[in-house]
$ cat upload-v2.txt   # compact mmCIF, C-alpha atoms
# COMPACT_ATOMS: atom_id res chain seq x y z
CA MET A 22 -4.76 -9.85 11.50
CA TYR A 23 -4.13 -6.15 10.92
CA ILE A 24 -5.04 -4.88 7.44
CA CYS A 25 -3.62 -1.63 6.08
CA ALA A 26 -4.60 -0.11 2.74
CA VAL A 27 -1.92 1.90 0.96
CA ALA A 28 -3.78 4.30 -1.30
CA ASN A 29 -3.67 7.58 -3.15
CA GLN A 30 -5.69 8.44 -6.25
CA LYS A 31 -2.58 10.04 -7.75
CA GLY A 32 -0.24 7.68 -9.58
CA GLY A 33 3.53 7.66 -9.23
CA VAL A 34 3.65 8.51 -5.53
CA GLY A 35 5.30 5.29 -4.38
CA LYS A 36 2.35 3.12 -3.32
CA THR A 37 3.69 -0.10 -4.80
CA THR A 38 7.25 0.63 -3.72
CA THR A 39 5.99 1.21 -0.20
CA VAL A 40 3.87 -1.95 -0.04
CA HIS A 41 6.72 -4.08 -1.40
CA ASN A 42 9.53 -2.76 0.76
CA LEU A 43 7.51 -2.14 3.90
CA GLY A 44 6.14 -5.66 3.56
CA MET A 45 9.62 -7.10 3.19
CA ALA A 46 10.80 -5.20 6.28
CA LEU A 47 7.77 -6.31 8.31
CA SER A 48 8.26 -9.93 7.30
CA ARG A 49 11.51 -9.97 9.26
CA HIS A 50 9.39 -9.70 12.41
CA VAL A 51 5.87 -10.92 11.57
CA LYS A 52 4.01 -13.00 8.99
CA THR A 53 2.91 -10.64 6.22
CA LEU A 54 0.65 -10.83 3.17
CA LEU A 55 0.84 -8.38 0.26
CA VAL A 56 -2.26 -7.95 -1.92
CA ASP A 57 -1.97 -6.51 -5.44
CA LEU A 58 -5.23 -4.81 -6.45
CA ASP A 59 -3.88 -2.93 -9.47
CA ALA A 60 -4.52 -4.32 -12.96
CA GLN A 61 -1.06 -3.11 -13.98
CA GLY A 62 0.38 -5.73 -11.63
CA ASN A 63 3.44 -3.69 -10.71
CA LEU A 64 3.66 -5.21 -7.25
CA THR A 65 3.42 -8.71 -8.70
CA ASP A 66 6.21 -7.87 -11.17
CA ALA A 67 8.34 -6.28 -8.46
CA CYS A 68 8.11 -9.49 -6.44
CA GLY A 69 9.66 -11.34 -9.38
CA LEU A 70 6.55 -13.18 -10.58
CA THR A 71 5.55 -13.64 -14.20
CA ALA A 72 2.13 -14.42 -15.65
CA ALA A 73 3.12 -18.10 -15.73
CA ASP A 74 3.68 -18.02 -11.96
CA VAL A 75 0.17 -16.72 -11.25
CA GLN A 76 -2.39 -19.51 -11.05
CA ALA A 77 -5.13 -17.24 -9.70
CA SER A 78 -5.24 -13.54 -8.85
CA SER A 79 -6.99 -11.17 -6.50
CA TYR A 80 -9.68 -10.81 -9.18
CA GLU A 81 -10.66 -14.49 -9.05
CA VAL A 82 -10.58 -14.36 -5.27
CA MET A 83 -12.91 -11.34 -5.10
CA ALA A 84 -15.16 -12.91 -7.72
CA GLY A 85 -15.51 -15.98 -5.49
CA ASP A 86 -13.96 -18.33 -8.04
CA ARG A 87 -10.95 -19.21 -5.87
CA ALA A 88 -10.19 -19.14 -2.17
CA ALA A 89 -7.55 -16.61 -1.17
CA SER A 90 -5.45 -19.35 0.43
CA GLU A 91 -5.31 -21.14 -2.94
CA ALA A 92 -4.20 -18.05 -4.87
CA VAL A 93 -1.45 -16.89 -2.54
CA CYS A 94 2.15 -17.13 -3.80
CA VAL A 95 4.91 -17.83 -1.27
CA LEU A 96 7.79 -15.36 -1.52
CA SER A 97 9.43 -16.51 1.72
CA ASP A 98 8.35 -18.30 4.89
CA SER A 99 6.97 -15.08 6.35
CA LEU A 100 6.08 -13.07 3.21
CA HIS A 101 3.29 -14.08 0.84
CA LEU A 102 1.63 -12.34 -2.11
CA LEU A 103 -1.89 -12.38 -3.51
CA PRO A 104 -1.00 -11.36 -7.08
CA ALA A 105 -2.84 -9.26 -9.64
CA SER A 106 -3.93 -10.01 -13.19
CA ARG A 107 -5.22 -7.89 -16.04
CA ASP A 108 -8.73 -9.10 -15.23
CA LEU A 109 -8.79 -6.44 -12.53
CA ALA A 110 -9.19 -3.88 -15.31
CA VAL A 111 -12.80 -5.01 -15.75
CA ALA A 112 -13.55 -5.42 -12.05
CA GLU A 113 -15.60 -2.22 -11.82
CA LEU A 114 -17.95 -3.47 -14.54
CA ALA A 115 -17.91 -7.12 -13.54
CA PHE A 116 -18.78 -6.43 -9.90
CA ALA A 117 -21.15 -3.52 -10.52
CA THR A 118 -24.32 -5.58 -10.05
CA ARG A 119 -23.03 -7.72 -7.19
CA MET A 120 -24.90 -7.43 -3.91
CA GLY A 121 -22.47 -6.14 -1.29
CA ARG A 122 -19.86 -5.37 -3.94
CA GLU A 123 -17.94 -3.10 -1.57
CA ASN A 124 -17.34 -6.03 0.80
CA LEU A 125 -15.96 -8.56 -1.69
CA LEU A 126 -12.34 -8.19 -0.59
CA LYS A 127 -13.19 -8.15 3.11
CA LYS A 128 -15.04 -11.45 2.78
CA SER A 129 -12.24 -12.93 0.68
CA LEU A 130 -9.60 -12.23 3.34
CA GLN A 131 -11.56 -13.71 6.23
CA GLY A 132 -10.01 -16.84 7.66
CA LEU A 133 -6.46 -16.09 6.54
CA ASP A 134 -3.70 -16.33 9.13
CA TYR A 135 -1.31 -13.38 8.94
CA ASP A 136 -0.12 -10.73 11.36
CA TYR A 137 -0.25 -7.98 8.72
CA VAL A 138 -1.91 -7.55 5.35
CA LEU A 139 -0.84 -4.65 3.09
CA LEU A 140 -3.20 -3.71 0.25
CA ASP A 141 -1.67 -2.08 -2.83
CA CYS A 142 -4.51 -0.01 -4.31
CA PRO A 143 -4.87 1.21 -7.91
CA PRO A 144 -4.37 4.94 -8.65
CA SER A 145 -8.06 5.76 -8.46
CA LEU A 146 -10.84 5.99 -5.90
CA GLY A 147 -13.06 3.44 -7.64
CA LEU A 148 -14.59 0.18 -6.47
CA LEU A 149 -11.30 -1.66 -5.88
CA THR A 150 -9.99 1.08 -3.61
CA VAL A 151 -13.34 1.26 -1.81
CA ASN A 152 -13.10 -2.51 -1.29
CA ALA A 153 -9.63 -2.04 0.20
CA LEU A 154 -10.81 0.71 2.56
CA THR A 155 -13.80 -1.37 3.59
CA ALA A 156 -11.56 -4.33 4.45
CA ALA A 157 -8.83 -2.32 6.18
CA HIS A 158 -8.27 -1.27 9.75
CA SER A 159 -6.27 1.74 8.60
CA LEU A 160 -5.10 3.77 5.64
CA LEU A 161 -1.53 4.78 4.83
CA ILE A 162 -1.23 7.56 2.23
CA PRO A 163 2.06 7.98 0.37
CA VAL A 164 2.47 11.57 -0.81
CA GLN A 165 5.11 12.82 -3.21
CA ALA A 166 7.01 15.89 -2.07
CA GLU A 167 5.40 18.29 -4.52
CA TYR A 168 2.79 21.05 -4.37
CA TYR A 169 -0.13 19.21 -6.00
CA ALA A 170 0.17 16.42 -3.45
CA LEU A 171 -1.29 18.71 -0.80
CA ALA A 172 -4.43 19.35 -2.83
CA GLY A 173 -4.87 15.64 -3.60
CA LEU A 174 -5.05 14.71 0.07
CA GLU A 175 -8.45 16.36 0.44
CA LEU A 176 -10.08 14.03 -2.08
CA ILE A 177 -8.84 10.82 -0.52
CA GLN A 178 -9.78 12.14 2.92
CA GLN A 179 -13.33 12.68 1.65
CA THR A 180 -13.42 9.13 0.26
CA MET A 181 -12.15 7.77 3.55
CA GLN A 182 -14.85 9.66 5.45
CA SER A 183 -17.56 8.34 3.10
CA VAL A 184 -16.34 4.77 3.66
CA ARG A 185 -16.35 5.34 7.41
CA GLU A 186 -19.92 6.58 7.37
CA ALA A 187 -21.37 3.92 5.08
CA LEU A 188 -19.18 0.83 5.20
CA ASN A 189 -16.37 0.72 7.76
CA PRO A 190 -16.76 2.95 10.83
CA SER A 191 -13.56 1.59 12.39
CA LEU A 192 -11.33 2.74 9.51
CA SER A 193 -8.62 5.11 10.72
CA LEU A 194 -5.82 7.11 9.15
CA LEU A 195 -2.56 5.45 10.12
CA GLY A 196 -0.45 8.20 8.62
CA ILE A 197 0.86 10.16 5.67
CA LEU A 198 4.20 9.14 4.22
CA LEU A 199 6.33 11.65 2.35
CA THR A 200 8.07 10.04 -0.64
CA PHE A 201 10.65 11.12 -3.25
CA TYR A 202 12.00 13.56 -0.69
CA ASP A 203 15.15 15.58 -1.38
CA GLY A 204 16.05 17.89 1.49
CA ARG A 205 18.25 19.98 -0.80
CA LYS A 206 15.18 21.23 -2.69
CA SER A 207 13.31 24.14 -1.15
CA LEU A 208 10.01 22.92 -2.66
CA ASN A 209 10.39 19.55 -0.92
CA ARG A 210 11.14 21.24 2.38
CA ASP A 211 8.15 23.56 1.96
CA VAL A 212 5.81 20.64 1.20
CA ALA A 213 7.09 18.74 4.23
CA GLU A 214 6.53 21.78 6.44
CA GLY A 215 3.04 22.29 5.00
CA LEU A 216 2.14 18.68 5.76
CA ARG A 217 3.45 18.98 9.32
CA GLU A 218 1.41 22.12 9.90
CA SER A 219 -1.78 20.57 8.47
CA TRP A 220 -1.49 16.99 9.70
CA GLY A 221 0.80 17.11 12.72
CA GLU A 222 1.57 13.65 14.11
CA MET A 223 -0.30 12.02 11.24
CA LEU A 224 2.81 12.67 9.13
CA PHE A 225 5.29 9.83 9.58
CA SER A 226 8.61 10.95 11.01
CA THR A 227 10.27 8.80 8.36
CA CYS A 228 10.61 10.32 4.88
CA ILE A 229 11.45 8.14 1.91
CA ARG A 230 14.33 9.90 0.25
CA ASP A 231 14.62 10.11 -3.52
CA ASN A 232 16.92 7.19 -4.31
CA VAL A 233 17.78 5.64 -7.67
CA ALA A 234 18.13 2.18 -6.12
CA LEU A 235 14.42 2.22 -5.27
CA ALA A 236 13.63 2.72 -8.96
CA GLU A 237 16.06 0.02 -10.08
CA ALA A 238 15.08 -2.74 -7.65
CA PRO A 239 11.66 -3.67 -9.13
CA SER A 240 13.09 -4.30 -12.60
CA ASN A 241 15.28 -6.94 -10.96
CA GLY A 242 12.34 -8.52 -9.15
CA LYS A 243 13.84 -7.60 -5.78
CA SER A 244 13.04 -5.49 -2.76
CA ILE A 245 15.40 -2.68 -1.87
CA PHE A 246 16.85 -4.85 0.93
CA GLU A 247 17.76 -7.60 -1.52
CA TYR A 248 18.93 -5.24 -4.23
CA ARG A 249 20.99 -2.71 -2.26
CA ALA A 250 20.85 -3.25 1.47
CA LYS A 251 22.97 -0.23 2.40
CA SER A 252 21.13 2.35 0.25
CA PHE A 253 19.10 5.26 1.55
CA GLY A 254 16.00 3.42 0.37
CA ALA A 255 16.76 0.41 2.56
CA GLN A 256 17.53 2.65 5.53
CA ASP A 257 14.31 4.59 5.10
CA TYR A 258 12.00 1.60 4.66
CA GLY A 259 13.66 -0.10 7.62
CA ALA A 260 12.92 2.98 9.71
CA LEU A 261 9.36 3.12 8.36
CA ALA A 262 8.75 -0.49 9.38
CA SER A 263 9.78 0.31 12.95
CA GLU A 264 7.50 3.32 13.03
CA PHE A 265 4.68 1.34 11.41
CA LEU A 266 4.96 -1.41 14.04
CA ALA A 267 4.96 1.17 16.82
CA ARG A 268 1.86 2.91 15.46
CA THR A 269 -0.05 -0.33 15.10
CA ARG A 270 0.97 -1.44 18.58
CA LYS A 271 2.39 -4.75 17.49
CA ILE A 272 5.56 -4.25 19.53
$ encode --input "upload-v2.txt" --output "structure tokens"
Amino acid sequence: MYICAVANQKGGVGKTTTVHNLGMALSRHVKTLLVDLDAQGNLTDACGLTAADVQASSYEVMAGDRAASEAVCVLSDSLHLLPASRDLAVAELAFATRMGRENLLKKSLQGLDYDYVLLDCPPSLGLLTVNALTAAHSLLIPVQAEYYALAGLELIQQTMQSVREALNPSLSLLGILLTFYDGRKSLNRDVAEGLRESWGEMLFSTCIRDNVALAEAPSNGKSIFEYRAKSFGAQDYGALASEFLARTRKI
């Protein structure tokens, strides 16, 4: 079971969009679990679930109140979701005194039977994100095609290194994904070039182009493939899935 955390302390960079649509694309080939670790529950909403559909969330699972297998919602035969709830907003405080609090998610996921697990992290580098990095084999960092994105990479790289040293020495950087990309804008091209110069092959060849369909799909409770299969967004996330599978050596 290969676990990948999708994280960036900056909000609005496409983490949830990436987890949802990459997960949908992967599920065409392998059994995939999505895990929503954000109290806002955007991934849960995007998958078409309401509060009434959620019997237990990732919070209860990490707290040890429910087994992960009992909390999982079935989206399709090969795509499942461990949903979020607002209880995650108090997770930092609730788990603060727990022994081994950084390993709660890792322990919760043990024994599950999936090929891939994608972790949608909150827009912070707090305890929930540290839990995700501790449980994961690798980290995927979505980065918006803007200047401040370059500066933000340093902070998450430092967090990743700290987790490696103290909690998860096998954690690796799977890659950096450029999102909201518009090749007509010189700033976007400059950011892409800067990332290539600094990160080389760590930058995914696939860029997620700025596409209105990607913004519209979640409000309909659908992935981009279900909402508009011929859009740039569907093309890009399909290409990302192929590159993701190649990088993780599952094909």
$ closest_atom_pairs --input "upload-v2.txt" --of "region 142-203 of chain A" --to "region 47-63 of chain A" --cutoff "9 Å" --atoms "all atoms listed in the file" --output "Markdown table"
| residue | atom | partner | partner_atom | distance |
| --- | --- | --- | --- | --- |
| A:Cys142 | CA | A:Leu58 | CA | 5.3 |
| A:Pro143 | CA | A:Asp59 | CA | 4.5 |
| A:Pro144 | CA | A:Asp59 | CA | 7.9 |
| A:Leu149 | CA | A:Leu58 | CA | 6.9 |
| A:Thr150 | CA | A:Leu58 | CA | 8.1 |
| A:Ala153 | CA | A:Leu58 | CA | 8.4 |
$ write_last_selection --input "upload-v2.txt" --atoms "C-alpha atoms" --output "tab-separated table (two decimals), in the coordinates of the input"
chain	number	residue	atom	x	y	z
A	142	CYS	CA	-4.51	-0.01	-4.31
A	143	PRO	CA	-4.87	1.21	-7.91
A	144	PRO	CA	-4.37	4.94	-8.65
A	149	LEU	CA	-11.30	-1.66	-5.88
A	150	THR	CA	-9.99	1.08	-3.61
A	153	ALA	CA	-9.63	-2.04	0.20
$ closest_residue --input "upload-v2.txt" --among "A:Leu114, A:Ile229, A:Val34, A:Leu146" --to "Asp203 (chain A)" --atoms "all atoms listed in the file"
A:Ile229
$ residues_near_point --input "upload-v2.txt" --point "(2.6, 4.9, -2.2)" --cutoff "6 Å" --atoms "all atoms listed in the file" --output "number ranges by chain"
A: 34-37, 39, 163
$ atom_distance --input "upload-v2.txt" --atom1 "CA of Tyr168 (chain A)" --atom2 "CA of Ala236 (chain A)"
21.8 Å
$ closest_atom_pairs --input "upload-v2.txt" --of "region 143-202 of chain A" --to "region 122-138 of chain A" --cutoff "8 Å" --atoms "all atoms listed in the file" --output "CSV"
residue,atom,partner,partner_atom,distance
A:Leu148,CA,A:Glu123,CA,6.8
A:Val151,CA,A:Glu123,CA,6.3
A:Asn152,CA,A:Glu123,CA,4.9
A:Ala153,CA,A:Leu126,CA,6.8
A:Thr155,CA,A:Asn124,CA,6.5
A:Ala156,CA,A:Lys127,CA,4.4
A:Ala157,CA,A:Lys127,CA,7.9
A:Leu188,CA,A:Glu123,CA,7.9
$ build_atoms --input "upload-v2.txt" --residues "region 52-67 of chain A" --atoms "N, CA, C and O atoms" --output "compact mmCIF listing (two decimals), keeping the file's coordinate frame"
# COMPACT_ATOMS: atom_id res chain seq x y z
N LYS A 52 4.50 -12.40 10.22
CA LYS A 52 4.01 -13.00 8.99
C LYS A 52 3.15 -11.99 8.23
O LYS A 52 2.19 -11.45 8.79
N THR A 53 3.49 -11.75 6.98
CA THR A 53 2.91 -10.64 6.22
C THR A 53 2.39 -11.11 4.87
O THR A 53 3.02 -11.91 4.19
N LEU A 54 1.23 -10.58 4.49
CA LEU A 54 0.65 -10.83 3.17
C LEU A 54 0.55 -9.52 2.40
O LEU A 54 0.05 -8.52 2.93
N LEU A 55 1.00 -9.51 1.16
CA LEU A 55 0.84 -8.38 0.26
C LEU A 55 -0.28 -8.72 -0.71
O LEU A 55 -0.36 -9.83 -1.22
N VAL A 56 -1.14 -7.74 -0.99
CA VAL A 56 -2.26 -7.95 -1.92
C VAL A 56 -2.18 -6.92 -3.03
O VAL A 56 -2.23 -5.71 -2.77
N ASP A 57 -2.05 -7.39 -4.27
CA ASP A 57 -1.97 -6.51 -5.44
C ASP A 57 -3.37 -6.34 -6.03
O ASP A 57 -3.95 -7.29 -6.55
N LEU A 58 -3.89 -5.11 -5.95
CA LEU A 58 -5.23 -4.81 -6.45
C LEU A 58 -5.20 -3.96 -7.71
O LEU A 58 -6.24 -3.45 -8.13
N ASP A 59 -4.04 -3.80 -8.30
CA ASP A 59 -3.88 -2.93 -9.47
C ASP A 59 -3.72 -3.79 -10.72
O ASP A 59 -2.87 -4.68 -10.77
N ALA A 60 -4.56 -3.53 -11.72
CA ALA A 60 -4.52 -4.32 -12.96
C ALA A 60 -3.16 -4.25 -13.64
O ALA A 60 -2.80 -5.16 -14.41
N GLN A 61 -2.39 -3.20 -13.39
CA GLN A 61 -1.06 -3.11 -13.98
C GLN A 61 -0.10 -4.15 -13.42
O GLN A 61 0.90 -4.48 -14.04
N GLY A 62 -0.41 -4.65 -12.22
CA GLY A 62 0.38 -5.73 -11.63
C GLY A 62 1.80 -5.36 -11.29
O GLY A 62 2.68 -6.24 -11.27
N ASN A 63 2.06 -4.11 -10.98
CA ASN A 63 3.44 -3.69 -10.71
C ASN A 63 4.01 -4.37 -9.47
O ASN A 63 5.20 -4.70 -9.43
N LEU A 64 3.17 -4.54 -8.46
CA LEU A 64 3.66 -5.21 -7.25
C LEU A 64 4.01 -6.66 -7.55
O LEU A 64 5.03 -7.17 -7.10
N THR A 65 3.16 -7.32 -8.32
CA THR A 65 3.42 -8.71 -8.70
C THR A 65 4.73 -8.81 -9.48
O THR A 65 5.55 -9.70 -9.22
N ASP A 66 4.96 -7.90 -10.41
CA ASP A 66 6.21 -7.87 -11.17
C ASP A 66 7.41 -7.61 -10.26
O ASP A 66 8.46 -8.25 -10.39
N ALA A 67 7.25 -6.65 -9.35
CA ALA A 67 8.34 -6.28 -8.46
C ALA A 67 8.76 -7.44 -7.56
O ALA A 67 9.93 -7.52 -7.14
